[in-house]
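Text of input_28.pdb (PDB, C-alpha atoms, pLDDT in the B column) as supplied:
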```pdb
ATOM      1  CA  GLN A  30     -17.672-151.267 -30.506  1.00 95.00           C
ATOM      2  CA  VAL A  31     -13.990-150.516 -30.062  1.00 96.00           C
ATOM      3  CA  GLN A  32     -13.028-149.933 -26.446  1.00 98.00           C
ATOM      4  CA  LEU A  33      -9.747-149.264 -24.707  1.00 98.00           C
ATOM      5  CA  VAL A  34      -9.708-149.113 -20.927  1.00 98.00           C
ATOM      6  CA  GLU A  35      -6.596-148.129 -18.992  1.00 98.00           C
ATOM      7  CA  SER A  36      -5.881-149.007 -15.375  1.00 97.00           C
ATOM      8  CA  GLY A  37      -3.012-149.154 -12.925  1.00 97.00           C
ATOM      9  CA  GLY A  38      -2.360-145.492 -12.301  1.00 97.00           C
ATOM     10  CA  GLY A  39      -1.790-144.069  -8.846  1.00 97.00           C
ATOM     11  CA  LEU A  40       0.534-142.222  -6.507  1.00 98.00           C
ATOM     12  CA  VAL A  41       4.152-143.366  -6.448  1.00 98.00           C
ATOM     13  CA  LYS A  42       7.332-141.949  -4.933  1.00 97.00           C
ATOM     14  CA  PRO A  43      10.213-140.715  -7.081  1.00 97.00           C
ATOM     15  CA  GLY A  44      12.342-143.656  -8.121  1.00 97.00           C
ATOM     16  CA  GLY A  45       9.417-146.018  -7.797  1.00 98.00           C
ATOM     17  CA  SER A  46       7.689-148.258 -10.330  1.00 98.00           C
ATOM     18  CA  LEU A  47       4.207-148.778 -11.699  1.00 98.00           C
ATOM     19  CA  ARG A  48       2.616-151.008 -14.315  1.00 98.00           C
ATOM     20  CA  LEU A  49      -0.158-149.630 -16.471  1.00 98.00           C
ATOM     21  CA  SER A  50      -2.601-151.846 -18.345  1.00 98.00           C
ATOM     22  CA  CYS A  51      -4.875-151.225 -21.308  1.00 98.00           C
ATOM     23  CA  ALA A  52      -7.693-153.682 -21.946  1.00 98.00           C
ATOM     24  CA  ALA A  53      -8.946-153.769 -25.534  1.00 98.00           C
ATOM     25  CA  SER A  54     -12.222-155.033 -26.957  1.00 97.00           C
ATOM     26  CA  GLY A  55     -14.348-154.771 -30.078  1.00 97.00           C
ATOM     27  CA  PHE A  56     -11.580-155.402 -32.621  1.00 97.00           C
ATOM     28  CA  THR A  57      -8.875-157.938 -33.499  1.00 97.00           C
ATOM     29  CA  PHE A  58      -6.263-156.692 -31.068  1.00 97.00           C
ATOM     30  CA  SER A  59      -3.299-158.484 -32.612  1.00 96.00           C
ATOM     31  CA  ASP A  60      -3.821-156.702 -35.939  1.00 95.00           C
ATOM     32  CA  TYR A  61      -3.018-153.258 -34.583  1.00 96.00           C
ATOM     33  CA  TYR A  62      -0.140-151.128 -33.411  1.00 95.00           C
ATOM     34  CA  ILE A  63      -0.972-149.479 -30.091  1.00 96.00           C
ATOM     35  CA  ASN A  64       0.574-146.295 -28.701  1.00 96.00           C
ATOM     36  CA  TRP A  65       0.900-144.808 -25.250  1.00 97.00           C
ATOM     37  CA  ILE A  66       0.419-141.038 -25.120  1.00 97.00           C
ATOM     38  CA  ARG A  67       0.629-138.940 -21.960  1.00 97.00           C
ATOM     39  CA  GLN A  68      -0.601-135.544 -20.884  1.00 97.00           C
ATOM     40  CA  ALA A  69       0.871-133.709 -17.914  1.00 97.00           C
ATOM     41  CA  PRO A  70      -1.625-131.658 -15.875  1.00 95.00           C
ATOM     42  CA  GLY A  71      -2.640-128.601 -17.864  1.00 94.00           C
ATOM     43  CA  LYS A  72      -0.212-129.444 -20.659  1.00 95.00           C
ATOM     44  CA  GLY A  73      -0.302-130.864 -24.172  1.00 95.00           C
ATOM     45  CA  LEU A  74      -0.022-134.362 -25.555  1.00 96.00           C
ATOM     46  CA  GLU A  75       3.285-136.227 -25.615  1.00 95.00           C
ATOM     47  CA  TRP A  76       3.939-139.496 -27.426  1.00 94.00           C
ATOM     48  CA  VAL A  77       5.528-142.094 -25.101  1.00 95.00           C
ATOM     49  CA  SER A  78       5.823-145.434 -26.901  1.00 95.00           C
ATOM     50  CA  TYR A  79       4.365-147.803 -29.473  1.00 94.00           C
ATOM     51  CA  ILE A  80       4.291-151.532 -30.103  1.00 95.00           C
ATOM     52  CA  SER A  81       3.413-153.469 -33.220  1.00 95.00           C
ATOM     53  CA  GLY A  82       0.702-156.110 -33.317  1.00 95.00           C
ATOM     54  CA  SER A  83       3.192-158.965 -33.093  1.00 96.00           C
ATOM     55  CA  SER A  84       5.403-157.140 -30.544  1.00 96.00           C
ATOM     56  CA  ARG A  85       8.241-157.257 -33.067  1.00 96.00           C
ATOM     57  CA  TYR A  86       8.558-153.472 -33.228  1.00 93.00           C
ATOM     58  CA  THR A  87       8.662-151.084 -30.313  1.00 93.00           C
ATOM     59  CA  ASP A  88       9.955-147.570 -29.820  1.00 91.00           C
ATOM     60  CA  TYR A  89      10.120-144.956 -27.103  1.00 93.00           C
ATOM     61  CA  ALA A  90      10.401-141.229 -26.668  1.00 92.00           C
ATOM     62  CA  ASP A  91      13.855-140.142 -25.534  1.00 91.00           C
ATOM     63  CA  SER A  92      12.345-138.876 -22.278  1.00 93.00           C
ATOM     64  CA  VAL A  93      11.385-142.414 -21.194  1.00 95.00           C
ATOM     65  CA  LYS A  94      13.866-144.605 -23.044  1.00 95.00           C
ATOM     66  CA  GLY A  95      15.606-147.035 -20.691  1.00 96.00           C
ATOM     67  CA  ARG A  96      13.023-146.486 -17.950  1.00 98.00           C
ATOM     68  CA  PHE A  97       9.706-147.558 -19.525  1.00 98.00           C
ATOM     69  CA  THR A  98       8.930-150.867 -21.229  1.00 98.00           C
ATOM     70  CA  ILE A  99       5.941-151.524 -23.476  1.00 98.00           C
ATOM     71  CA  SER A 100       4.551-155.031 -23.959  1.00 98.00           C
ATOM     72  CA  ARG A 101       1.343-156.783 -24.937  1.00 98.00           C
ATOM     73  CA  ASP A 102      -0.453-160.086 -24.477  1.00 98.00           C
ATOM     74  CA  ASN A 103      -2.591-160.728 -27.534  1.00 97.00           C
ATOM     75  CA  ALA A 104      -4.248-163.747 -25.912  1.00 97.00           C
ATOM     76  CA  ARG A 105      -5.561-161.441 -23.199  1.00 97.00           C
ATOM     77  CA  ASN A 106      -6.210-158.468 -25.531  1.00 98.00           C
ATOM     78  CA  SER A 107      -4.063-156.400 -23.219  1.00 98.00           C
ATOM     79  CA  LEU A 108      -1.314-153.809 -23.497  1.00 98.00           C
ATOM     80  CA  TYR A 109       1.088-152.885 -20.730  1.00 98.00           C
ATOM     81  CA  LEU A 110       3.509-150.121 -19.850  1.00 98.00           C
ATOM     82  CA  GLN A 111       6.068-150.782 -17.128  1.00 98.00           C
ATOM     83  CA  LEU A 112       7.228-147.502 -15.615  1.00 98.00           C
ATOM     84  CA  ASN A 113      10.506-147.651 -13.645  1.00 98.00           C
ATOM     85  CA  SER A 114      12.736-144.997 -12.073  1.00 98.00           C
ATOM     86  CA  LEU A 115       9.824-142.611 -12.036  1.00 98.00           C
ATOM     87  CA  ARG A 116      10.416-138.863 -11.835  1.00 98.00           C
ATOM     88  CA  ALA A 117       8.160-135.955 -10.945  1.00 97.00           C
ATOM     89  CA  GLU A 118       8.041-134.990 -14.614  1.00 97.00           C
ATOM     90  CA  ASP A 119       6.401-138.344 -15.436  1.00 98.00           C
ATOM     91  CA  THR A 120       3.256-137.157 -13.641  1.00 98.00           C
ATOM     92  CA  ALA A 121       0.538-137.283 -16.279  1.00 98.00           C
ATOM     93  CA  VAL A 122      -2.599-138.945 -17.540  1.00 98.00           C
ATOM     94  CA  TYR A 123      -1.515-141.893 -19.667  1.00 98.00           C
ATOM     95  CA  PHE A 124      -3.698-142.825 -22.637  1.00 98.00           C
ATOM     96  CA  CYS A 125      -3.499-145.930 -24.785  1.00 98.00           C
ATOM     97  CA  ALA A 126      -4.567-145.353 -28.385  1.00 97.00           C
ATOM     98  CA  ARG A 127      -4.954-147.530 -31.458  1.00 97.00           C
ATOM     99  CA  ARG A 128      -3.140-146.728 -34.674  1.00 94.00           C
ATOM    100  CA  THR A 129      -5.113-147.210 -37.885  1.00 92.00           C
ATOM    101  CA  ASP A 130      -2.268-149.028 -39.654  1.00 88.00           C
ATOM    102  CA  ALA A 131       1.460-149.738 -39.619  1.00 85.00           C
ATOM    103  CA  THR A 132       2.616-146.723 -41.593  1.00 85.00           C
ATOM    104  CA  VAL A 133       4.838-144.369 -39.587  1.00 80.00           C
ATOM    105  CA  SER A 134       2.443-141.461 -39.821  1.00 84.00           C
ATOM    106  CA  SER A 135      -0.819-143.290 -39.260  1.00 91.00           C
ATOM    107  CA  PRO A 136      -3.340-141.570 -36.996  1.00 95.00           C
ATOM    108  CA  LEU A 137      -4.772-142.693 -33.666  1.00 96.00           C
ATOM    109  CA  ASP A 138      -8.413-143.518 -34.226  1.00 96.00           C
ATOM    110  CA  TYR A 139      -9.492-144.796 -30.796  1.00 97.00           C
ATOM    111  CA  TRP A 140      -8.331-143.660 -27.373  1.00 98.00           C
ATOM    112  CA  GLY A 141      -8.923-144.890 -23.864  1.00 98.00           C
ATOM    113  CA  GLN A 142     -10.119-142.575 -21.112  1.00 97.00           C
ATOM    114  CA  GLY A 143      -6.687-142.437 -19.491  1.00 97.00           C
ATOM    115  CA  THR A 144      -5.167-143.313 -16.131  1.00 98.00           C
ATOM    116  CA  LEU A 145      -3.458-140.786 -13.864  1.00 98.00           C
ATOM    117  CA  VAL A 146       0.081-141.367 -12.637  1.00 98.00           C
ATOM    118  CA  THR A 147       1.298-139.031  -9.912  1.00 98.00           C
ATOM    119  CA  VAL A 148       4.955-139.102  -8.901  1.00 98.00           C
ATOM    120  CA  SER A 149       5.450-137.316  -5.596  1.00 96.00           C
ATOM    121  CA  SER A 150       7.103-137.833  -2.230  1.00 95.00           C
TER     122      SER A 150
ATOM    123  CA  GLN B  11       8.703-126.431 -26.768  1.00 78.00           C
ATOM    124  CA  SER B  12       6.817-128.506 -29.316  1.00 85.00           C
ATOM    125  CA  VAL B  13       8.225-129.564 -32.670  1.00 89.00           C
ATOM    126  CA  LEU B  14       4.940-128.493 -34.272  1.00 95.00           C
ATOM    127  CA  THR B  15       3.890-124.921 -33.474  1.00 97.00           C
ATOM    128  CA  GLN B  16       0.267-123.972 -32.865  1.00 97.00           C
ATOM    129  CA  PRO B  17      -1.207-120.725 -31.548  1.00 97.00           C
ATOM    130  CA  PRO B  18      -2.053-121.142 -27.842  1.00 96.00           C
ATOM    131  CA  SER B  19      -5.566-119.830 -28.330  1.00 97.00           C
ATOM    132  CA  VAL B  20      -8.123-118.721 -30.892  1.00 97.00           C
ATOM    133  CA  SER B  21     -11.645-117.453 -30.470  1.00 96.00           C
ATOM    134  CA  GLY B  22     -14.721-116.706 -32.498  1.00 96.00           C
ATOM    135  CA  ALA B  23     -18.386-115.945 -32.182  1.00 96.00           C
ATOM    136  CA  PRO B  24     -21.076-118.536 -32.878  1.00 96.00           C
ATOM    137  CA  GLY B  25     -21.536-118.991 -36.616  1.00 96.00           C
ATOM    138  CA  GLN B  26     -18.112-117.609 -37.489  1.00 97.00           C
ATOM    139  CA  ARG B  27     -15.168-119.408 -39.078  1.00 97.00           C
ATOM    140  CA  VAL B  28     -11.821-119.875 -37.355  1.00 97.00           C
ATOM    141  CA  THR B  29      -8.574-121.459 -38.466  1.00 98.00           C
ATOM    142  CA  ILE B  30      -5.819-123.060 -36.420  1.00 98.00           C
ATOM    143  CA  SER B  31      -2.355-123.294 -37.886  1.00 98.00           C
ATOM    144  CA  CYS B  32       0.258-125.986 -37.333  1.00 98.00           C
ATOM    145  CA  THR B  33       3.755-125.061 -38.432  1.00 97.00           C
ATOM    146  CA  GLY B  34       6.471-127.665 -38.796  1.00 95.00           C
ATOM    147  CA  SER B  35       9.685-128.077 -40.730  1.00 93.00           C
ATOM    148  CA  SER B  36      11.386-129.996 -43.501  1.00 93.00           C
ATOM    149  CA  SER B  37      11.789-133.060 -41.293  1.00 92.00           C
ATOM    150  CA  ASN B  38       8.105-133.497 -40.525  1.00 93.00           C
ATOM    151  CA  ILE B  39       5.244-131.796 -42.407  1.00 95.00           C
ATOM    152  CA  GLY B  40       7.579-130.547 -45.124  1.00 95.00           C
ATOM    153  CA  ALA B  41       8.932-134.059 -45.659  1.00 93.00           C
ATOM    154  CA  GLY B  42       5.502-135.162 -46.771  1.00 94.00           C
ATOM    155  CA  TYR B  43       4.293-136.863 -43.610  1.00 94.00           C
ATOM    156  CA  ASP B  44       0.586-136.708 -42.993  1.00 96.00           C
ATOM    157  CA  VAL B  45      -0.915-134.335 -40.441  1.00 97.00           C
ATOM    158  CA  HIS B  46      -3.760-135.395 -38.194  1.00 98.00           C
ATOM    159  CA  TRP B  47      -5.929-133.287 -35.931  1.00 98.00           C
ATOM    160  CA  TYR B  48      -7.496-134.215 -32.594  1.00 98.00           C
ATOM    161  CA  GLN B  49     -10.198-132.521 -30.567  1.00 98.00           C
ATOM    162  CA  GLN B  50     -10.084-132.762 -26.775  1.00 98.00           C
ATOM    163  CA  LEU B  51     -13.198-131.623 -24.961  1.00 96.00           C
ATOM    164  CA  PRO B  52     -12.686-130.626 -21.319  1.00 91.00           C
ATOM    165  CA  GLY B  53     -12.012-133.632 -19.107  1.00 91.00           C
ATOM    166  CA  THR B  54     -12.131-136.170 -21.921  1.00 96.00           C
ATOM    167  CA  ALA B  55      -9.735-138.142 -24.102  1.00 97.00           C
ATOM    168  CA  PRO B  56      -8.664-136.761 -27.470  1.00 97.00           C
ATOM    169  CA  LYS B  57     -10.781-137.693 -30.480  1.00 97.00           C
ATOM    170  CA  LEU B  58      -9.559-138.013 -34.052  1.00 97.00           C
ATOM    171  CA  LEU B  59     -11.032-135.096 -35.991  1.00 98.00           C
ATOM    172  CA  ILE B  60      -9.116-134.957 -39.287  1.00 98.00           C
ATOM    173  CA  PHE B  61      -6.751-137.620 -40.624  1.00 97.00           C
ATOM    174  CA  SER B  62      -4.229-137.571 -43.435  1.00 96.00           C
ATOM    175  CA  ASN B  63      -4.348-133.797 -43.805  1.00 97.00           C
ATOM    176  CA  SER B  64      -7.912-133.349 -44.990  1.00 97.00           C
ATOM    177  CA  ASN B  65     -10.069-136.423 -44.335  1.00 97.00           C
ATOM    178  CA  ARG B  66     -12.888-136.609 -41.826  1.00 97.00           C
ATOM    179  CA  PRO B  67     -13.692-139.812 -39.926  1.00 95.00           C
ATOM    180  CA  SER B  68     -17.260-140.971 -40.069  1.00 95.00           C
ATOM    181  CA  GLY B  69     -19.452-138.830 -37.845  1.00 95.00           C
ATOM    182  CA  VAL B  70     -17.336-135.672 -37.932  1.00 96.00           C
ATOM    183  CA  PRO B  71     -19.384-132.784 -39.367  1.00 96.00           C
ATOM    184  CA  ASP B  72     -18.223-131.172 -42.611  1.00 95.00           C
ATOM    185  CA  ARG B  73     -17.880-127.906 -40.685  1.00 97.00           C
ATOM    186  CA  PHE B  74     -14.408-129.236 -39.874  1.00 97.00           C
ATOM    187  CA  SER B  75     -11.836-129.243 -42.658  1.00 97.00           C
ATOM    188  CA  GLY B  76      -8.090-129.608 -42.931  1.00 97.00           C
ATOM    189  CA  SER B  77      -5.417-128.631 -45.385  1.00 97.00           C
ATOM    190  CA  LYS B  78      -1.665-128.893 -45.751  1.00 97.00           C
ATOM    191  CA  SER B  79       0.862-126.897 -47.737  1.00 96.00           C
ATOM    192  CA  GLY B  80       4.627-126.925 -47.551  1.00 96.00           C
ATOM    193  CA  THR B  81       5.723-127.100 -43.936  1.00 96.00           C
ATOM    194  CA  SER B  82       2.343-126.116 -42.480  1.00 97.00           C
ATOM    195  CA  ALA B  83      -1.159-127.428 -42.005  1.00 98.00           C
ATOM    196  CA  SER B  84      -4.419-125.809 -40.980  1.00 98.00           C
ATOM    197  CA  LEU B  85      -7.668-126.805 -39.362  1.00 98.00           C
ATOM    198  CA  ALA B  86     -10.727-124.736 -40.228  1.00 98.00           C
ATOM    199  CA  ILE B  87     -13.967-124.761 -38.285  1.00 97.00           C
ATOM    200  CA  SER B  88     -16.926-123.024 -39.863  1.00 97.00           C
ATOM    201  CA  GLY B  89     -20.324-122.286 -38.368  1.00 96.00           C
ATOM    202  CA  LEU B  90     -18.853-122.229 -34.863  1.00 97.00           C
ATOM    203  CA  GLN B  91     -20.984-123.797 -32.160  1.00 96.00           C
ATOM    204  CA  ALA B  92     -20.689-123.584 -28.389  1.00 95.00           C
ATOM    205  CA  ASP B  93     -19.779-127.266 -28.107  1.00 94.00           C
ATOM    206  CA  ASP B  94     -16.773-126.763 -30.406  1.00 96.00           C
ATOM    207  CA  GLU B  95     -15.057-125.184 -27.408  1.00 96.00           C
ATOM    208  CA  ALA B  96     -12.120-127.535 -26.822  1.00 97.00           C
ATOM    209  CA  ASP B  97      -8.391-127.987 -27.232  1.00 97.00           C
ATOM    210  CA  TYR B  98      -7.157-128.930 -30.695  1.00 98.00           C
ATOM    211  CA  TYR B  99      -3.882-130.719 -31.435  1.00 98.00           C
ATOM    212  CA  CYS B 100      -2.055-131.409 -34.668  1.00 98.00           C
ATOM    213  CA  GLN B 101       0.173-134.497 -34.960  1.00 96.00           C
ATOM    214  CA  SER B 102       2.674-135.790 -37.469  1.00 95.00           C
ATOM    215  CA  TYR B 103       5.892-137.766 -37.756  1.00 93.00           C
ATOM    216  CA  ASP B 104       9.421-136.366 -37.632  1.00 91.00           C
ATOM    217  CA  SER B 105      12.265-138.195 -39.343  1.00 88.00           C
ATOM    218  CA  SER B 106      14.987-136.373 -37.426  1.00 84.00           C
ATOM    219  CA  LEU B 107      13.963-137.550 -33.981  1.00 71.00           C
ATOM    220  CA  SER B 108      14.134-140.857 -32.187  1.00 66.00           C
ATOM    221  CA  GLY B 109      10.689-142.419 -32.088  1.00 59.00           C
ATOM    222  CA  SER B 110       9.441-139.406 -33.874  1.00 78.00           C
ATOM    223  CA  TRP B 111       5.756-139.041 -33.194  1.00 87.00           C
ATOM    224  CA  VAL B 112       5.208-135.339 -32.623  1.00 92.00           C
ATOM    225  CA  PHE B 113       2.282-133.250 -31.463  1.00 94.00           C
ATOM    226  CA  GLY B 114       1.655-129.546 -31.593  1.00 96.00           C
ATOM    227  CA  GLY B 115       1.389-127.721 -28.291  1.00 96.00           C
ATOM    228  CA  GLY B 116      -2.373-127.471 -28.624  1.00 97.00           C
ATOM    229  CA  THR B 117      -4.772-124.609 -29.299  1.00 98.00           C
ATOM    230  CA  GLN B 118      -7.603-123.698 -26.986  1.00 97.00           C
ATOM    231  CA  LEU B 119     -10.705-122.617 -28.904  1.00 97.00           C
ATOM    232  CA  THR B 120     -13.072-120.261 -27.117  1.00 96.00           C
ATOM    233  CA  VAL B 121     -16.540-119.650 -28.522  1.00 95.00           C
ATOM    234  CA  LEU B 122     -17.475-116.142 -27.466  1.00 91.00           C
TER     235      LEU B 122
END
```

Before we go any further, please render this structure as C-alpha cells.
Amino acid sequence: QVQLVESGGGLVKPGGSLRLSCAASGFTFSDYYINWIRQAPGKGLEWVSYISGSSRYTDYADSVKGRFTISRDNARNSLYLQLNSLRAEDTAVYFCARRTDATVSSPLDYWGQGTLVTVSS
Amino acid sequence: QSVLTQPPSVSGAPGQRVTISCTGSSSNIGAGYDVHWYQQLPGTAPKLLIFSNSNRPSGVPDRFSGSKSGTSASLAISGLQADDEADYYCQSYDSSLSGSWVFGGGTQLTVL
C-alpha cells in the first residue's frame, strides 16, 4: 500500500536550518509529483512546494522562496525539504503528499502523517 | 486571509444534511480549475474526500458529494454521523499567484 513517512522535524532557533525527509513506498516514486504542505498550530493548510518526478520542475510559495529547497532521490524513494533562515512563522507540521498526475490542478491522494517543526529561541 | 473562502464552522444534527461553501474568483475556480476537498479528523493528516469537483475516491461513502458553479464550489454531507466531525478544506489552483496552489481556510464541522 502507498505510504509516505516524514521525519527530521524538531526545535530550531530563528535563523537556523533543518532538513526534512519523506520516505515513500508502495508505488513507483519516480512517476509522481510530490508536494510539501504545512499547517501551523491551530491553523489551516498552506502549500509550500512541489517537485516533479524527474526533478525537472519545482516551485515554491512566496513565503518560503529563497529559503527552502525541495529535492528528491528516486533511487532511495525519498523526498527532501531543506529549510534555511527559519522564522517563527515557519513553525508548523509539514506534510508530504503525492499528486495524482502532472496537471496543475491535480489533487493530493496520499499524505504522510507529518513532522513538526518548531522555530523558537 | 485565504484565497478561497470557507465558513469557519458549520453544524448539524445526526442524520441531517449540511453544505460547506468554497468561494473563489476568476483566477482560480472561475477560471475552470478543479476543486478538491479534504477531510482532516482531529490529530490526523488530511484525506482526499472529493476530487475534480464532484468525484469520490474509492472508499468514500456516497453521503459525500461535491459540486462547482461559477466561482464557487460546495461540499454536501448527508446523513450526518458523529465521526464526520472534522475540519474540511477546499483546494484549487490560482493562475494569478506564484506557485499557485491554494487552500480554503477550512471549515470545522460539529455534529450536535

Inset, instruction - Between A:Ser54, A:Ser150, A:Gln111, A:Ser92, single out the one closest to chain B, counting only C-alpha atoms. - result: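 Under the stated criterion, the closest residue is A:Ser92.
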
Contact set, chain A to chain B: 9 Å, only C-alpha atoms, as a JSON list (two decimals) with C-alpha atoms, keeping the file's coordinate frame:
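Dumped everything to part31.json:
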```
[["chain", "number", "residue", "atom", "x", "y", "z"],
["A", 72, "LYS", "CA", -0.21, -129.44, -20.66],
["A", 73, "GLY", "CA", -0.30, -130.86, -24.17],
["A", 74, "LEU", "CA", -0.02, -134.36, -25.56],
["A", 75, "GLU", "CA", 3.28, -136.23, -25.62],
["A", 76, "TRP", "CA", 3.94, -139.50, -27.43],
["A", 77, "VAL", "CA", 5.53, -142.09, -25.10],
["A", 78, "SER", "CA", 5.82, -145.43, -26.90],
["A", 79, "TYR", "CA", 4.36, -147.80, -29.47],
["A", 88, "ASP", "CA", 9.96, -147.57, -29.82],
["A", 89, "TYR", "CA", 10.12, -144.96, -27.10],
["A", 90, "ALA", "CA", 10.40, -141.23, -26.67],
["A", 91, "ASP", "CA", 13.86, -140.14, -25.53],
["A", 124, "PHE", "CA", -3.70, -142.82, -22.64],
["A", 133, "VAL", "CA", 4.84, -144.37, -39.59],
["A", 134, "SER", "CA", 2.44, -141.46, -39.82],
["A", 135, "SER", "CA", -0.82, -143.29, -39.26],
["A", 136, "PRO", "CA", -3.34, -141.57, -37.00],
["A", 137, "LEU", "CA", -4.77, -142.69, -33.67],
["A", 138, "ASP", "CA", -8.41, -143.52, -34.23],
["A", 139, "TYR", "CA", -9.49, -144.80, -30.80],
["A", 140, "TRP", "CA", -8.33, -143.66, -27.37],
["A", 141, "GLY", "CA", -8.92, -144.89, -23.86],
["A", 142, "GLN", "CA", -10.12, -142.57, -21.11],
["A", 143, "GLY", "CA", -6.69, -142.44, -19.49]]
```

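For Leu122 (chain B), the set of protein, DNA and RNA residues having any atom at most 8 Å away, when counting all atoms listed in the file and skipping those fewer than 3 positions along the same chain, is Ser21, Gly22, Ala23 and Pro24 of chain B.
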
Inset, instruction - Would you mind telling me which residue in A:Gly44, A:Gly37, A:Pro70, A:Gly95 lies nearest to Leu115 (chain A) when using only C-alpha atoms? - result: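 Ranked by minimum distance to Leu115 (chain A), first place goes to A:Gly44.
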
Legend entry - Nearest candidate to Thr33 (chain B) (options B:Gln91, B:Gln16, B:Asn65, B:Ser79; using all atoms listed in the file):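 Between B:Gln91, B:Gln16, B:Asn65, B:Ser79, the residue approaching Thr33 (chain B) most closely is B:Gln16.
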